[in-house]
file run_11.tsv (TSV, C-alpha atoms)
chain	number	residue	atom	x	y	z
A	243	MET	CA	-118.36	173.18	-60.53
A	244	PRO	CA	-118.48	174.86	-63.94
A	245	ARG	CA	-121.73	174.19	-65.77
A	246	GLY	CA	-120.01	172.56	-68.79
A	247	LYS	CA	-118.67	169.68	-66.67
A	248	ARG	CA	-122.13	168.43	-65.76
A	249	ILE	CA	-122.52	166.57	-69.04
A	250	VAL	CA	-119.74	164.46	-70.48
A	251	ILE	CA	-120.56	161.93	-73.21
A	252	VAL	CA	-118.18	159.03	-73.70
A	253	ARG	CA	-117.81	156.90	-76.82
A	254	GLN	CA	-115.17	154.18	-76.90
A	255	GLN	CA	-115.80	152.61	-80.30
A	256	LYS	CA	-114.37	154.38	-83.34
A	257	ASP	CA	-116.27	154.60	-86.61
A	258	PRO	CA	-114.35	152.29	-89.03
A	259	VAL	CA	-115.56	154.22	-92.10
A	260	VAL	CA	-114.26	157.52	-90.73
A	261	HIS	CA	-111.03	155.87	-89.57
A	262	LYS	CA	-110.40	154.50	-93.06
A	263	LEU	CA	-111.16	157.89	-94.65
A	264	LYS	CA	-108.78	159.74	-92.32
A	265	ALA	CA	-106.06	157.17	-92.90
A	266	LEU	CA	-106.19	157.62	-96.68
A	267	LYS	CA	-103.17	159.57	-97.92
A	268	PRO	CA	-103.08	161.32	-101.32
A	269	SER	CA	-99.41	160.29	-101.61
A	270	GLU	CA	-100.48	156.62	-101.58
A	271	LEU	CA	-103.00	157.27	-104.36
A	272	LYS	CA	-100.29	159.00	-106.41
A	273	GLY	CA	-97.82	156.17	-105.79
A	274	ARG	CA	-100.23	153.48	-106.96
A	275	ARG	CA	-101.17	155.52	-110.00
A	276	SER	CA	-97.54	156.24	-110.91
A	277	ALA	CA	-96.79	152.51	-110.91
A	278	ARG	CA	-99.82	151.88	-113.10
A	279	GLU	CA	-98.87	154.63	-115.57
A	280	SER	CA	-95.32	153.31	-115.79
A	281	GLU	CA	-96.68	149.88	-116.73
A	282	LEU	CA	-99.01	151.48	-119.29
A	283	ARG	CA	-96.20	153.46	-120.92
A	284	GLU	CA	-94.14	150.31	-121.28
A	285	ASN	CA	-97.01	148.32	-122.83
A	286	ILE	CA	-98.04	151.13	-125.18
A	287	GLY	CA	-94.44	151.79	-126.22
A	288	SER	CA	-93.99	148.15	-127.19
A	289	ILE	CA	-97.24	148.13	-129.21
A	290	VAL	CA	-96.40	151.36	-131.04
A	291	ARG	CA	-92.84	150.29	-131.89
A	292	THR	CA	-94.07	147.03	-133.39
A	293	ALA	CA	-96.82	148.83	-135.35
A	294	ASN	CA	-94.37	151.38	-136.76
A	295	GLN	CA	-91.98	148.61	-137.84
A	296	LEU	CA	-94.78	146.76	-139.63
A	297	TYR	CA	-95.99	149.99	-141.23
A	298	ALA	CA	-92.47	150.70	-142.54
A	299	GLN	CA	-92.43	147.20	-144.05
A	300	GLU	CA	-95.92	147.75	-145.50
A	301	LYS	CA	-97.16	144.73	-143.55
A	302	LEU	CA	-99.72	146.52	-141.43
A	303	ASP	CA	-103.39	145.78	-142.12
A	304	LYS	CA	-106.62	146.04	-140.13
A	305	GLU	CA	-106.34	142.52	-138.73
A	306	ARG	CA	-102.77	143.06	-137.55
A	307	LEU	CA	-103.76	146.34	-135.92
A	308	ARG	CA	-106.44	144.57	-133.90
A	309	ASN	CA	-104.06	141.76	-132.94
A	310	LEU	CA	-101.55	144.32	-131.71
A	311	GLY	CA	-104.22	146.03	-129.63
A	312	LEU	CA	-104.68	149.21	-131.68
A	313	LEU	CA	-108.26	150.40	-132.17
A	314	THR	CA	-109.83	152.98	-134.41
A	315	VAL	CA	-111.66	155.76	-132.55
A	316	ASP	CA	-115.00	154.11	-133.41
A	317	GLU	CA	-113.80	150.73	-132.12
A	318	ALA	CA	-112.47	152.34	-128.94
A	319	TYR	CA	-115.81	154.08	-128.39
A	320	ALA	CA	-117.61	150.76	-128.87
A	321	GLU	CA	-115.50	149.29	-126.02
A	322	VAL	CA	-116.35	152.24	-123.78
A	323	SER	CA	-120.04	152.07	-124.64
A	324	LYS	CA	-120.12	148.32	-123.96
A	325	ALA	CA	-118.64	148.97	-120.51
A	326	GLY	CA	-121.62	151.21	-119.72
A	327	ILE	CA	-119.77	154.52	-119.43
A	328	PRO	CA	-122.26	157.31	-120.22
A	329	ILE	CA	-120.47	159.38	-122.87
A	330	SER	CA	-121.51	160.27	-126.40
A	331	ALA	CA	-119.40	159.39	-129.43
A	332	ARG	CA	-118.87	163.10	-130.10
A	333	ALA	CA	-117.68	163.81	-126.56
A	334	PHE	CA	-115.41	160.76	-126.67
A	335	GLY	CA	-113.92	161.89	-129.99
A	336	GLY	CA	-113.35	165.33	-128.49
A	337	ARG	CA	-111.31	163.82	-125.67
A	338	ILE	CA	-109.18	161.98	-128.23
A	339	GLU	CA	-108.59	165.25	-130.10
A	340	ARG	CA	-107.70	167.13	-126.91
A	341	ARG	CA	-105.37	164.28	-125.87
A	342	SER	CA	-107.14	163.77	-122.55
A	343	ILE	CA	-107.43	160.18	-123.80
A	344	ARG	CA	-104.14	159.08	-125.29
A	345	SER	CA	-103.96	158.03	-128.94
A	346	GLU	CA	-101.16	157.27	-131.38
A	347	LYS	CA	-100.68	158.10	-135.05
A	348	ILE	CA	-99.49	155.15	-137.11
A	349	GLY	CA	-98.95	156.29	-140.65
A	350	LYS	CA	-101.95	158.50	-141.37
A	351	LYS	CA	-104.30	156.76	-138.93
A	352	ARG	CA	-105.20	157.95	-135.43
A	353	LEU	CA	-105.44	154.84	-133.24
A	354	VAL	CA	-106.13	154.17	-129.58
A	355	PRO	CA	-104.11	151.46	-127.78
A	356	LYS	CA	-106.34	148.94	-126.02
A	357	PRO	CA	-104.48	149.30	-122.69
A	358	VAL	CA	-105.45	153.02	-122.69
A	359	ILE	CA	-109.13	152.16	-123.11
A	360	HIS	CA	-109.07	149.36	-120.55
A	361	ASP	CA	-107.36	151.68	-118.07
A	362	TRP	CA	-109.92	154.44	-118.73
A	363	ILE	CA	-112.77	151.98	-118.19
A	364	ALA	CA	-111.14	150.75	-114.96
A	365	LEU	CA	-110.80	154.34	-113.74
A	366	HIS	CA	-114.55	154.79	-113.99
A	367	GLY	CA	-114.98	151.74	-111.78
A	368	GLU	CA	-112.64	153.11	-109.09
A	369	TYR	CA	-113.13	156.88	-109.31
A	370	TYR	CA	-115.74	159.57	-109.91
A	371	SER	CA	-115.15	162.71	-111.91
A	372	ILE	CA	-115.43	165.92	-109.87
A	373	LYS	CA	-118.95	166.54	-111.18
A	374	GLU	CA	-120.05	162.95	-110.50
A	375	ALA	CA	-118.63	163.04	-106.96
A	376	TYR	CA	-120.37	166.36	-106.27
A	377	THR	CA	-123.69	165.07	-107.62
A	378	LYS	CA	-123.51	161.97	-105.40
A	379	LEU	CA	-122.62	163.94	-102.28
A	380	LYS	CA	-125.15	166.72	-102.83
A	381	VAL	CA	-127.99	164.23	-102.41
A	382	HIS	CA	-127.01	164.04	-98.73
A	383	GLU	CA	-125.61	167.58	-98.38
A	384	PRO	CA	-128.26	169.70	-100.15
A	385	GLU	CA	-126.61	172.96	-99.07
A	386	LEU	CA	-123.32	172.02	-100.77
A	387	ASN	CA	-122.58	173.91	-103.99
A	388	LEU	CA	-120.15	172.89	-106.72
A	389	ARG	CA	-117.76	175.75	-106.08
A	390	ALA	CA	-117.46	174.83	-102.40
A	391	PHE	CA	-116.88	171.18	-103.28
A	392	ILE	CA	-114.15	172.10	-105.77
A	393	GLY	CA	-112.61	174.23	-103.00
A	394	ARG	CA	-112.47	171.16	-100.72
A	395	VAL	CA	-110.78	169.20	-103.51
A	396	GLU	CA	-108.25	171.98	-104.18
A	397	LYS	CA	-107.39	172.17	-100.46
A	398	ASN	CA	-106.98	168.36	-100.33
A	399	THR	CA	-109.69	168.04	-97.69
A	400	VAL	CA	-111.33	165.70	-100.21
A	401	PRO	CA	-108.61	163.29	-101.44
A	402	SER	CA	-108.33	163.25	-105.21
A	403	LEU	CA	-105.95	162.33	-107.98
A	404	LYS	CA	-105.03	164.15	-111.18
A	405	ILE	CA	-104.78	161.78	-114.12
A	406	GLY	CA	-103.89	163.42	-117.41
A	407	THR	CA	-105.88	166.64	-117.58
A	408	ALA	CA	-108.72	165.44	-115.34
A	409	ARG	CA	-109.07	165.22	-111.56
A	410	TRP	CA	-110.71	162.13	-110.09
A	411	VAL	CA	-112.13	161.36	-106.63
A	412	PRO	CA	-111.92	157.75	-105.36
A	413	ARG	CA	-115.34	156.13	-105.05
A	414	ASP	CA	-114.39	154.93	-101.55
A	415	VAL	CA	-113.88	158.56	-100.53
A	416	VAL	CA	-117.30	159.60	-101.87
A	417	ASP	CA	-118.93	156.60	-100.12
A	418	ALA	CA	-117.23	157.58	-96.85
A	419	LEU	CA	-118.25	161.25	-97.18
A	420	THR	CA	-121.80	160.12	-97.89
A	421	HIS	CA	-121.68	158.02	-94.70
A	422	VAL	CA	-120.52	161.10	-92.78
A	423	ALA	CA	-123.28	163.27	-94.27
A	424	GLN	CA	-125.89	160.65	-93.30
A	425	ASN	CA	-124.64	159.95	-89.77
A	426	TYR	CA	-123.02	163.16	-88.53
A	427	HIS	CA	-123.90	166.82	-87.97
A	428	ASP	CA	-121.42	169.61	-88.56
A	429	VAL	CA	-121.08	172.14	-85.74
A	430	SER	CA	-123.61	174.61	-87.17
A	431	ALA	CA	-126.23	171.91	-87.78
A	432	ALA	CA	-125.71	170.45	-84.30
A	433	ILE	CA	-126.16	173.84	-82.61
A	434	THR	CA	-129.22	174.62	-84.72
A	435	LEU	CA	-130.82	171.29	-83.75
A	436	LEU	CA	-130.01	171.80	-80.06
A	437	GLN	CA	-131.60	175.24	-80.08
A	438	GLN	CA	-134.66	174.01	-82.02
A	439	LYS	CA	-135.20	171.35	-79.33
A	440	GLY	CA	-135.11	174.01	-76.62
A	441	VAL	CA	-131.54	173.59	-75.38
A	442	LYS	CA	-130.08	176.94	-74.37
A	443	ILE	CA	-126.47	176.87	-75.53
A	444	ARG	CA	-124.28	179.30	-77.42
A	445	ARG	CA	-121.86	178.39	-80.16
A	446	ASN	CA	-118.73	179.34	-78.20
A	447	ALA	CA	-119.87	177.20	-75.23
A	448	PHE	CA	-120.58	174.25	-77.54
A	449	GLU	CA	-117.19	174.58	-79.24
A	450	ARG	CA	-115.42	174.74	-75.86
A	451	ARG	CA	-116.91	171.36	-75.02
A	452	LEU	CA	-115.62	170.02	-78.33
A	453	ASP	CA	-112.18	171.49	-77.57
A	454	ARG	CA	-112.16	169.70	-74.21
A	455	ASN	CA	-113.45	166.42	-75.72
A	456	ARG	CA	-116.59	166.42	-73.61
A	457	ILE	CA	-118.59	165.75	-76.75
A	458	PRO	CA	-117.27	162.93	-78.99
A	459	HIS	CA	-116.57	164.19	-82.49
A	460	GLU	CA	-114.34	163.70	-85.52
A	461	LYS	CA	-112.30	166.15	-87.53
A	462	ILE	CA	-112.59	165.43	-91.25
A	463	GLY	CA	-111.02	167.69	-93.83
A	464	GLY	CA	-110.65	170.55	-91.35
A	465	ARG	CA	-114.30	170.32	-90.25
A	466	ARG	CA	-115.54	168.98	-86.94
A	467	VAL	CA	-118.52	166.65	-87.13
A	468	ILE	CA	-120.55	165.09	-84.35
A	469	PRO	CA	-122.36	161.72	-84.58
A	470	LYS	CA	-126.11	162.21	-84.78
A	471	ASP	CA	-126.75	159.79	-81.91
A	472	VAL	CA	-124.33	161.81	-79.75
A	473	VAL	CA	-126.28	164.99	-80.52
A	474	ASP	CA	-129.53	163.17	-79.65
A	475	GLU	CA	-128.05	162.01	-76.33
A	476	LEU	CA	-126.80	165.51	-75.61
A	477	ILE	CA	-130.25	166.97	-76.28
A	478	ASN	CA	-131.90	164.48	-73.89
A	479	LYS	CA	-129.36	165.11	-71.13
A	480	GLU	CA	-129.48	168.88	-71.54
A	481	LEU	CA	-133.29	168.96	-71.41
A	482	ALA	CA	-133.28	166.70	-68.35
A	483	LEU	CA	-130.77	169.02	-66.68
A	484	GLN	CA	-132.81	172.09	-67.57
A	485	SER	CA	-136.02	170.50	-66.19
A	486	LYS	CA	-134.32	169.87	-62.81
A	487	LYS	CA	-133.58	173.57	-62.55
A	488	LEU	CA	-137.25	174.51	-62.91

call {"tool": "encode", "arguments": {"input": "run_11.tsv", "output": "structure tokens"}}
result
Amino acid sequence: MPRGKRIVIVRQQKDPVVHKLKALKPSELKGRRSARESELRENIGSIVRTANQLYAQEKLDKERLRNLGLLTVDEAYAEVSKAGIPISARAFGGRIERRSIRSEKIGKKRLVPKPVIHDWIALHGEYYSIKEAYTKLKVHEPELNLRAFIGRVEKNTVPSLKIGTARWVPRDVVDALTHVAQNYHDVSAAITLLQQKGVKIRRNAFERRLDRNRIPHEKIGGRRVIPKDVVDELINKELALQSKKL
């Protein structure tokens, strides 16, 4: 009997976190966001039309602007600051100028519709920026560099969504990837650990076992990962097998 068939590890229960991550489709993210943006456009259009009509009639004052839901840049920043989003007033103003945060010009005033700010605040509750997502994940994947992470995003192995000029990663995705980093080994790490523990196995032999499903594993974003408890069980069984040969 070929040596590889001596050890077969069976796992029946699927990891619900990994299952949910693999089931997430970027098209669903885009669909939900498109519906939200359509609603925003409609609300903002209505606000701006009313404001322009009042401006033309010279009936627009500060109180009416607030009632309509139009904020000055300073007032918009105050809303963002109150929500706990860590951004300076200067950086926030820069985003207004670059149009990465939508604003409207009513007469000579640059104003920010409240729905835009509320949406932007909500985004920070549901998504991480690329840099934030990378920073969170790097805690558990110290060898990960920013360029490699951006590469995963560009290849869609890390689901993300482009909103305006920025790309965002769902917090659920980052939480799931953190779970994977904490509870799984990639192939290289698994082989390194096996060899450190005294198990004599080559990479091609290990990968053949993965190919034949003799070692339970998951494929996430093009990478195969093995549960840490499976690797521990494999080490124990391999060492026991090796000791019988002595």

call {"tool": "residues_around", "arguments": {"input": "run_11.tsv", "residues": "Glu383 (chain A)", "least_positions_apart": "2", "cutoff": "12 Å", "atoms": "all atoms listed in the file", "output": "PyMOL selection string"}}
result
chain A and resi 375-381+385-388+390-391+419-428+431

call {"tool": "closest_residue", "arguments": {"input": "run_11.tsv", "among": "A:Ile343, A:Val441, A:Ile251, A:Leu312", "to": "Ser485 (chain A)", "atoms": "only C-alpha atoms"}}
result
A:Val441

call {"tool": "residues_around", "arguments": {"input": "run_11.tsv", "residues": "Gly311 (chain A)", "least_positions_apart": "3", "cutoff": "6 Å", "atoms": "only C-alpha atoms", "output": "ChimeraX atom specification"}}
result
/A:308,355-356

call {"tool": "closest_residue", "arguments": {"input": "run_11.tsv", "among": "A:Arg275, A:Arg466, A:Arg352, A:His261", "to": "Leu307 (chain A)", "atoms": "all atoms listed in the file"}}
result
A:Arg352

call {"tool": "residues_near_point", "arguments": {"input": "run_11.tsv", "point": "(-97.2, 152.5, -140.3)", "cutoff": "9 Å", "atoms": "only C-alpha atoms", "output": "ChimeraX atom specification"}}
result
/A:293-302,347-351

call {"tool": "atom_distance", "arguments": {"input": "run_11.tsv", "atom1": "CA of Ala432 (chain A)", "atom2": "CA of Ser402 (chain A)"}}
result
28.1 Å

call {"tool": "closest_residue", "arguments": {"input": "run_11.tsv", "among": "A:Val250, A:Ile443, A:Ile359, A:Leu435", "to": "Ser323 (chain A)", "atoms": "only C-alpha atoms"}}
result
A:Ile359

call {"tool": "residues_around", "arguments": {"input": "run_11.tsv", "residues": "Val358 (chain A)", "least_positions_apart": "5", "cutoff": "9 Å", "atoms": "all atoms listed in the file", "output": "number ranges by chain"}}
result
A: 282, 286, 343-345, 363

call {"tool": "closest_residue", "arguments": {"input": "run_11.tsv", "among": "A:Lys397, A:Lys442, A:Arg253, A:Lys264", "to": "Ile468 (chain A)", "atoms": "all atoms listed in the file"}}
result
A:Arg253

call {"tool": "residues_around", "arguments": {"input": "run_11.tsv", "residues": "Ile392 (chain A)", "least_positions_apart": "6", "cutoff": "10 Å", "atoms": "all atoms listed in the file", "output": "PyMOL selection string"}}
result
chain A and resi 372-373+376+398+400

call {"tool": "residues_around", "arguments": {"input": "run_11.tsv", "residues": "Lys479 (chain A)", "least_positions_apart": "2", "cutoff": "12 Å", "atoms": "all atoms listed in the file", "output": "JSON list (two decimals) with C-alpha atoms, in the coordinates of the input"}}
result
[["chain", "number", "residue", "atom", "x", "y", "z"],
["A", 248, "ARG", "CA", -122.13, 168.43, -65.76],
["A", 249, "ILE", "CA", -122.52, 166.57, -69.04],
["A", 250, "VAL", "CA", -119.74, 164.46, -70.48],
["A", 251, "ILE", "CA", -120.56, 161.93, -73.21],
["A", 436, "LEU", "CA", -130.01, 171.80, -80.06],
["A", 439, "LYS", "CA", -135.20, 171.35, -79.33],
["A", 440, "GLY", "CA", -135.11, 174.01, -76.62],
["A", 441, "VAL", "CA", -131.54, 173.59, -75.38],
["A", 472, "VAL", "CA", -124.33, 161.81, -79.75],
["A", 473, "VAL", "CA", -126.28, 164.99, -80.52],
["A", 474, "ASP", "CA", -129.53, 163.17, -79.65],
["A", 475, "GLU", "CA", -128.05, 162.01, -76.33],
["A", 476, "LEU", "CA", -126.80, 165.51, -75.61],
["A", 477, "ILE", "CA", -130.25, 166.97, -76.28],
["A", 481, "LEU", "CA", -133.29, 168.96, -71.41],
["A", 482, "ALA", "CA", -133.28, 166.70, -68.35],
["A", 483, "LEU", "CA", -130.77, 169.02, -66.68],
["A", 484, "GLN", "CA", -132.81, 172.09, -67.57],
["A", 485, "SER", "CA", -136.02, 170.50, -66.19],
["A", 486, "LYS", "CA", -134.32, 169.87, -62.81]]

call {"tool": "build_atoms", "arguments": {"input": "run_11.tsv", "residues": "region 424-435 of chain A", "atoms": "all heavy atoms", "output": "CSV table (one decimal), in the coordinates of the input"}}
result
chain,number,residue,atom,x,y,z
A,424,GLN,N,-124.7,161.3,-93.8
A,424,GLN,CA,-125.9,160.6,-93.3
A,424,GLN,C,-125.9,160.5,-91.8
A,424,GLN,O,-127.0,160.4,-91.2
A,424,GLN,CB,-126.0,159.3,-94.0
A,424,GLN,CG,-126.4,159.3,-95.5
A,424,GLN,CD,-126.4,158.0,-96.1
A,424,GLN,OE1,-125.5,157.2,-95.8
A,424,GLN,NE2,-127.3,157.7,-96.9
A,425,ASN,N,-124.7,160.4,-91.2
A,425,ASN,CA,-124.6,160.0,-89.8
A,425,ASN,C,-124.1,161.0,-88.8
A,425,ASN,O,-124.0,160.7,-87.6
A,425,ASN,CB,-123.8,158.7,-89.7
A,425,ASN,CG,-124.5,157.5,-90.4
A,425,ASN,OD1,-125.4,156.9,-89.8
A,425,ASN,ND2,-124.0,157.2,-91.6
A,426,TYR,N,-123.7,162.1,-89.4
A,426,TYR,CA,-123.0,163.2,-88.5
A,426,TYR,C,-123.6,164.5,-88.8
A,426,TYR,O,-124.2,164.8,-89.9
A,426,TYR,CB,-121.5,163.2,-88.8
A,426,TYR,CG,-120.7,162.0,-88.3
A,426,TYR,CD1,-120.8,160.8,-89.0
A,426,TYR,CD2,-119.9,162.1,-87.2
A,426,TYR,CE1,-120.0,159.7,-88.6
A,426,TYR,CE2,-119.2,161.0,-86.8
A,426,TYR,CZ,-119.3,159.8,-87.5
A,426,TYR,OH,-118.5,158.7,-87.1
A,427,HIS,N,-123.6,165.4,-87.8
A,427,HIS,CA,-123.9,166.8,-88.0
A,427,HIS,C,-122.6,167.6,-87.9
A,427,HIS,O,-121.7,167.3,-87.2
A,427,HIS,CB,-124.8,167.3,-86.8
A,427,HIS,CG,-126.2,166.7,-86.8
A,427,HIS,ND1,-127.1,166.9,-87.8
A,427,HIS,CD2,-126.8,166.0,-85.8
A,427,HIS,CE1,-128.2,166.3,-87.5
A,427,HIS,NE2,-128.1,165.8,-86.3
A,428,ASP,N,-122.5,168.7,-88.8
A,428,ASP,CA,-121.4,169.6,-88.6
A,428,ASP,C,-121.8,170.5,-87.4
A,428,ASP,O,-122.9,170.4,-86.8
A,428,ASP,CB,-121.1,170.4,-89.8
A,428,ASP,CG,-122.2,171.3,-90.3
A,428,ASP,OD1,-123.1,171.6,-89.5
A,428,ASP,OD2,-122.2,171.8,-91.4
A,429,VAL,N,-120.9,171.4,-87.0
A,429,VAL,CA,-121.1,172.1,-85.7
A,429,VAL,C,-122.3,173.0,-85.9
A,429,VAL,O,-123.2,173.1,-85.0
A,429,VAL,CB,-119.8,173.0,-85.4
A,429,VAL,CG1,-120.1,174.0,-84.3
A,429,VAL,CG2,-118.6,172.1,-85.1
A,430,SER,N,-122.5,173.7,-87.0
A,430,SER,CA,-123.6,174.6,-87.2
A,430,SER,C,-124.9,173.8,-87.1
A,430,SER,O,-125.9,174.3,-86.4
A,430,SER,CB,-123.5,175.3,-88.5
A,430,SER,OG,-122.4,176.2,-88.5
A,431,ALA,N,-125.0,172.7,-87.8
A,431,ALA,CA,-126.2,171.9,-87.8
A,431,ALA,C,-126.6,171.4,-86.4
A,431,ALA,O,-127.7,171.3,-86.0
A,431,ALA,CB,-126.1,170.8,-88.8
A,432,ALA,N,-125.5,171.0,-85.7
A,432,ALA,CA,-125.7,170.4,-84.3
A,432,ALA,C,-126.3,171.5,-83.4
A,432,ALA,O,-127.2,171.3,-82.6
A,432,ALA,CB,-124.4,169.9,-83.7
A,433,ILE,N,-125.7,172.7,-83.5
A,433,ILE,CA,-126.2,173.8,-82.6
A,433,ILE,C,-127.6,174.2,-83.0
A,433,ILE,O,-128.4,174.5,-82.1
A,433,ILE,CB,-125.2,175.0,-82.7
A,433,ILE,CG1,-123.9,174.7,-82.2
A,433,ILE,CG2,-125.8,176.3,-82.0
A,433,ILE,CD1,-122.8,175.7,-82.5
A,434,THR,N,-127.9,174.3,-84.3
A,434,THR,CA,-129.2,174.6,-84.7
A,434,THR,C,-130.2,173.6,-84.2
A,434,THR,O,-131.3,174.0,-83.7
A,434,THR,CB,-129.3,174.6,-86.3
A,434,THR,OG1,-128.4,175.7,-86.7
A,434,THR,CG2,-130.7,174.9,-86.7
A,435,LEU,N,-129.9,172.3,-84.2
A,435,LEU,CA,-130.8,171.3,-83.8
A,435,LEU,C,-131.0,171.4,-82.2
A,435,LEU,O,-132.1,171.3,-81.7
A,435,LEU,CB,-130.3,169.9,-84.1
A,435,LEU,CG,-131.2,168.7,-83.8
A,435,LEU,CD1,-132.5,168.8,-84.5
A,435,LEU,CD2,-130.5,167.4,-84.2
